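Each remark here refers to the structure printed beneath this line.
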Amino acid sequence: MKFTLNWLKDHLDTSAPLDKITQTLTMIGLEVEAVTDRSADLNAFTVAKILHAEPHPQADKLRVCRVESDIGELQIVCGAPNARAGIHVVLAKEGAVIPANGMVIKKTKIRGVESNGMLCSAEELALPGDSSGIIELPATAKIGESIVGLLGLDDPVIEVAITPNRADALGVRGIARDLAAAGLDVLKPLPVPSTKHQAPSTITVTLATPHCPQFIGCTIRGVKNGQSPDWLRKRLEATGQKPISALVDITNYITIDLDRPLHVFDAKKLRGNLIVRDARDGETLKALNGKEYALSEGMTVIADDSGVLSLGGIIGGEESGCTEATTDVFLEVALFDPAHIAQTGRKLGIESDARYRFERGVDPAFVETGAKIAIHMIQELCGGETSQLVCAGKTPEWKRSITFNPERVKTLGGVAVAADESKRILTSLGFTVDHTVTPPSWRSDIEGEADLVEEILRIHGYDHIPATPLPMATIGKPSLPLSQKRAQTSRRILASRGMLEACTWSFLPEAQAKLFGGGDPKLKLINPISADLDTMRPSLLTNLLTAAKKNTFRGFKNLGLFEVGLQFHDVTPDDGQRLAASGIRTGHIAENSYKDGLFQHHERMADAFDAKGDMLAVLEALGLTKFEITAHAPSWYHPGRSGALMLGKTVLGYFGEVHPALLPAFDIEGRAVAFELFLDALPTPRAKGKARPPLKLSDYQAVERDFAFMVDEKIPAADIIKTLAQADKQLITDIAIFDVYAGTGVEAGKKSVAIRVTLQAMDRTLSEQDIAGVSQAIIAAAAKEFGGQLRQ
């Protein structure tokens with residue numbers, strides 16, 4: 001919710017400084033998110049006048065202007081088509097900083113002609129408006145005057161976060177009412193104008209749905225729909241609204257000012273009378289946002305004899321909208337069912353200020369008053385003659401009584417507030433306090449005594465609640481479920497390997513989901529937050545690759561990203577989702593080393609073994625060391641450079657290069673490697689005693705021996721390691737493959753696998769006889785299990 005300080009003062013008679021107002025707002029539960037002082041960047045810009053303008057001698061589209069300023073006459077080269085003698089303009093003098101791009105104005109030469117400043121457009125000042133030329137100021141503007149006050153930019157914009165229950169605070173008057181109740185001076189009375197109505201309206205309204213309990217309309221003929229006055233346009237622009245025309249701007253202004261959404265139809269475009277009814281299947285509406293919507297049965301629409309004109313309480317239709325040629329209008333001020341509005345808005349994906357307010361609940365007793373205020377404002381700015389009010393339905397019953405004991409403020413809220421003060425607070429907020437309390441019509445969120453206590457506490461001040469220490473209690477040992485422990489450990493290990501954690505959405509575009517085995521229609525969102533985020537993610541890799549793309553566009557190509565989170569496979573509550581720790585690497589990996597006393601640095605492309613190493617590091621930290629590696633990775637991995645971790649028939653995870661055919665979908669050039677570890681697929685660890693077993697380290701020298709075996713090219717490297725490790729379980733402490741070769745000098749269908757074996761005894765230094773015995777056992781095991789022969 002945005003509004004300006006002066007706008008607030010239209011309703012609040014106060015001289016309090018801005019800091020006091022914003023502090024009070026936050027203290028009473030209306031959190032101030034931002035205060036924008038639009039004058040801060042524009043104080044250096046002043047009014048000047050072009051005395052003379054002539055074509056630039058070296059450029060057809062430039063003009064050399066002689067400009068009168070507060071520091072004397074200046075020569076400025078300008079490229080705006082409207083630069084001409086006699087107009088008042090915005091001058092940026094030497095040293096000024098252009099808000100739109102941060103450029104510092106300096107004395108310079110443009111095509112050989114000296115230029116001593118800049119004449120500015122709205123775009124260059126980061127202001128809304130026509131930017132096809134420089135800003136033209138009123139002829140009454142004083143030379144040297146700051147443009148801040150002249151353009152109405154000395155009015156700070158306040159942005160407040162409104163909680164869903166505080167629908168009344170979606171109007172400037174509602175916020176002013178809270179401030180007045182908090183002691184910040186006085187709420188001004190709201191003037192309700194009296195209007196002179198002429199003949200009955202030629203347009204009538206029929207209510208044919210229970211979702212619109214009340215509708216008040218009025219025909220206004222002979223209006224002139226031009227540009228809104230300057231004060232109105234500036235206030236709308238300050239809140240982020242784009243001024244359109246006087247009639248439309250009036251409806252938007254009253255929506256923000258009084259939390260009263262309304263709509264105007266071009267009366268000459270209507271065919272017959274209006275009816276508020278349920279939509280029929282097959283009906284469509286081309287809305288004011290330029291989009292066409294297919295309506296379904298039950299949606300509340302306003303229609304005439306020709307069909308649907310607007311979606312009640314959400315958005316108007318283009319065909320019946322007002323234009324500059326509009327002379328006759330029909331004003332709509334109505335009430336709509338909040339739940340029904342929310343349901344329709346979500347189904348069609350329409351966001352509008354009207355929907356935002358109606359679905360939270362507007363004041364049911366303000367319909368007729370809102371109509372009178374709107375009619376008066378239209379007549380004041382656009383002229384015209386009004387018909388009698390058209391009234392359909394009636395005000396819903398909103399009054400309710402709540403029993404209230406003032407002592408409950410102490411027992412529920414912890415603060416003793418005098419009964420008279422409680423009554424004053426409630427009365428200032430619009431409540432009627434007698435033997436019982438009656439909430440005002442605009443506070444539909446007040447349902448019981450606890451709500452009344454909350455209102456008193458927030459206005460009295462939460463800072464009055466005393467700080468009371470909690471009694472000492474015995475706190476048990478922290479206990480996390482196994483899934484959370486695994487997730488925390490995974491994050492810590494991956495971060496320690498130089499990877500950065502990403503937090504991405506749980507949904508993604510359907511097209512991307514299909515690339516990673518997803519696309520189940522049941523996992524498509526009914527109400528996505530964005531049209532391109534419509535499907536639950538089947539894999540964490542998809543969003544990680546999208547994050548890599550965004551980083552690459554910003555120049556960060558060497559990346560290691562990981563995420564621990566849920567991925568979704570079907571709609572079953574338990575088995576349809578799994579907890580995964582996944583990561584990707586792109587670009588190069590830097591490696592540092594010392595050799596011959598010198599520091600050496602080199603880079604290499606990330607490969608499948610890096611992804612494998614990341615995953616195995618997590619598994620080791622989680623205490624799982626026994627598993628099998630196979631080549632059966634899914635389709636989104638490179639078929640020859642990927643693998644799967646298996647424990648029996650259970651898939652623990654995948655690793656490898658991302659399939660090159662998928663990378664263009666993410667605008668990733670080169671290579672990307674990835675891994676996916678399914679944390680909830682890991683076996684539950686066996687219960688252990690409280691004491692860890694002693695760490696056993698050998699005091700004796702370790703010995704390394706290298707072997708190169710010729711084997712069939714189809715034999716997995718993991719099988720070789722697994723087999724050779726059984727040759728001597730006592731002395732073999734580690735086996736690692738350090739080279740695989742196939743090509744010249746190697747028989748077709750064969751490969752050479754180079755293996756490094758580490759031997760170490762716990763009780764002695766190994767002799768040559770010990771080492772030779774293990775070596776022969778390794779050679780024999782290789783020959784027996786897979787026909788391996790030492791490479792000559």
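Naming works like this for the structure tokens: A, B, ... for the chains as they're shown, residue 1 at the start of each chain, ligands 1 onward in shown order.
Every protein or nucleic acid residue with an atom no more than 10 Å from A:Asn6, counting only C-alpha atoms and leaving out same-chain residues fewer than 2 positions away, appears here: A:Phe3, A:Thr4, A:Leu8, A:Lys9, A:Asp10, A:His11, A:Leu12, A:Asp154, A:Asp155, A:Pro156, A:Val157, A:Arg235.
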Test item: residues at most 12 Å from stretch 418-431 of chain A, only C-alpha atoms, excluding those fewer than 2 positions along its chain, as a PyMOL selection string: chain A and resi 168-169+173-187+399-402+404-410+415-416+433-444+446+451-461
Distance of atom CA of A:Ile21 from atom CA of A:Leu412, expressed in Å to one decimal place: 28.2 Å
What's the 8 Å shell around stretch 487-498 of chain A, counting only C-alpha atoms, without same-chain residues fewer than 2 positions away, as a PDB file with N, CA and C atoms, in the first residue's frame?
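Wrote around.pdb, looks like this:
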ATOM      1  N   SER A 483      16.267 -37.307   8.673  1.00  0.00           N
ATOM      2  CA  SER A 483      16.265 -36.585   7.396  1.00  0.00           C
ATOM      3  C   SER A 483      16.883 -35.208   7.525  1.00  0.00           C
ATOM      4  N   GLN A 484      16.598 -34.517   8.650  1.00  0.00           N
ATOM      5  CA  GLN A 484      17.176 -33.186   8.853  1.00  0.00           C
ATOM      6  C   GLN A 484      18.672 -33.262   9.116  1.00  0.00           C
ATOM      7  N   LYS A 485      19.105 -34.300   9.861  1.00  0.00           N
ATOM      8  CA  LYS A 485      20.541 -34.459  10.102  1.00  0.00           C
ATOM      9  C   LYS A 485      21.285 -34.693   8.792  1.00  0.00           C
ATOM     10  N   LEU A 500      28.365 -23.472  -3.809  1.00  0.00           N
ATOM     11  CA  LEU A 500      27.464 -22.467  -3.256  1.00  0.00           C
ATOM     12  C   LEU A 500      26.050 -23.017  -3.224  1.00  0.00           C
ATOM     13  N   GLU A 501      25.351 -22.787  -2.105  1.00  0.00           N
ATOM     14  CA  GLU A 501      23.992 -23.309  -1.985  1.00  0.00           C
ATOM     15  C   GLU A 501      23.002 -22.396  -2.701  1.00  0.00           C
ATOM     16  N   GLY A 560      29.916 -23.814  -9.069  1.00  0.00           N
ATOM     17  CA  GLY A 560      29.561 -25.030  -8.357  1.00  0.00           C
ATOM     18  C   GLY A 560      28.367 -24.716  -7.489  1.00  0.00           C
ATOM     19  N   PHE A 562      24.736 -26.122  -5.452  1.00  0.00           N
ATOM     20  CA  PHE A 562      24.033 -27.292  -4.930  1.00  0.00           C
ATOM     21  C   PHE A 562      22.749 -26.852  -4.237  1.00  0.00           C
ATOM     22  N   GLU A 563      21.846 -27.794  -4.070  1.00  0.00           N
ATOM     23  CA  GLU A 563      20.602 -27.553  -3.340  1.00  0.00           C
ATOM     24  C   GLU A 563      20.176 -28.843  -2.673  1.00  0.00           C
ATOM     25  N   VAL A 564      19.652 -28.718  -1.469  1.00  0.00           N
ATOM     26  CA  VAL A 564      19.061 -29.844  -0.750  1.00  0.00           C
ATOM     27  C   VAL A 564      17.581 -29.553  -0.594  1.00  0.00           C
ATOM     28  N   ALA A 581      19.913 -34.366  -2.399  1.00  0.00           N
ATOM     29  CA  ALA A 581      21.014 -33.397  -2.380  1.00  0.00           C
ATOM     30  C   ALA A 581      21.640 -33.456  -3.769  1.00  0.00           C
ATOM     31  N   ASP A 614      32.020 -35.215  -5.481  1.00  0.00           N
ATOM     32  CA  ASP A 614      31.128 -34.444  -4.608  1.00  0.00           C
ATOM     33  C   ASP A 614      30.128 -35.367  -3.920  1.00  0.00           C
ATOM     34  N   ALA A 617      31.758 -37.724  -1.337  1.00  0.00           N
ATOM     35  CA  ALA A 617      32.138 -37.012  -0.115  1.00  0.00           C
ATOM     36  C   ALA A 617      30.948 -36.913   0.835  1.00  0.00           C
ATOM     37  N   VAL A 618      29.767 -36.671   0.284  1.00  0.00           N
ATOM     38  CA  VAL A 618      28.563 -36.621   1.115  1.00  0.00           C
ATOM     39  C   VAL A 618      28.257 -37.995   1.702  1.00  0.00           C
ATOM     40  N   ALA A 621      30.514 -38.783   4.572  1.00  0.00           N
ATOM     41  CA  ALA A 621      30.144 -38.048   5.779  1.00  0.00           C
ATOM     42  C   ALA A 621      28.895 -38.634   6.430  1.00  0.00           C
ATOM     43  N   LEU A 622      28.033 -39.225   5.628  1.00  0.00           N
ATOM     44  CA  LEU A 622      26.801 -39.833   6.147  1.00  0.00           C
ATOM     45  C   LEU A 622      27.029 -41.264   6.622  1.00  0.00           C
ATOM     46  N   LEU A 679      18.577 -38.753  -0.419  1.00  0.00           N
ATOM     47  CA  LEU A 679      18.901 -38.933   0.997  1.00  0.00           C
ATOM     48  C   LEU A 679      17.957 -39.895   1.700  1.00  0.00           C
TER      49      LEU A 679
END
Would you tabulate, counting only C-alpha atoms, all residues of stretch 135-229 of chain A that have an atom at most 12 Å from an atom of stretch 50-64 of chain A, showing the closest pair of atoms and their distance in Å to one decimal, sorted by chain then ascending number, as JSON lines?
{"residue": "A:Glu136", "atom": "CA", "partner": "A:Ile50", "partner_atom": "CA", "distance": 10.5}
{"residue": "A:Leu137", "atom": "CA", "partner": "A:Ile50", "partner_atom": "CA", "distance": 11.4}
{"residue": "A:Ala139", "atom": "CA", "partner": "A:Ile50", "partner_atom": "CA", "distance": 11.4}
{"residue": "A:Ile143", "atom": "CA", "partner": "A:Ile50", "partner_atom": "CA", "distance": 10.8}
Taking N, CA, C and O atoms for each residue, export the selection above as a short mmCIF file (atom, residue, chain, number, x, y, z; two decimals), in the first residue's frame.
data_model
loop_
_atom_site.label_atom_id
_atom_site.label_comp_id
_atom_site.auth_asym_id
_atom_site.auth_seq_id
_atom_site.Cartn_x
_atom_site.Cartn_y
_atom_site.Cartn_z
N GLU A 136 8.88 20.23 -20.75
CA GLU A 136 8.49 21.63 -20.90
C GLU A 136 7.74 22.05 -19.65
O GLU A 136 6.69 21.51 -19.32
N LEU A 137 8.30 23.03 -18.95
CA LEU A 137 7.73 23.52 -17.70
C LEU A 137 6.81 24.70 -17.95
O LEU A 137 6.87 25.33 -19.02
N ALA A 139 5.23 28.36 -18.13
CA ALA A 139 5.90 29.63 -18.42
C ALA A 139 6.05 30.48 -17.18
O ALA A 139 6.87 31.41 -17.14
N ILE A 143 13.17 31.19 -13.07
CA ILE A 143 14.51 30.76 -13.46
C ILE A 143 15.34 30.48 -12.21
O ILE A 143 15.40 31.31 -11.29
#
12 Å contact set for A:Arg38, only C-alpha atoms, chain neighbours under 6 positions out, as a PyMOL selection string: chain A and resi 4+99+125-127+147-149+151-158+237-238
Backbone-only DSSP, strand (DSSP E or B) members of stretch 414-632 of chain A, as a PyMOL selection string: chain A and resi 432-433+437-438+500-501+507-508+524+535-536+559-568+577-586+588-595+598-605+628-630
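Candidate residues A:Ile732, A:Met646, A:Ile584, A:Cys65 were compared for distance to A:Gly773, and the nearest is A:Ile732, using only C-alpha atoms.
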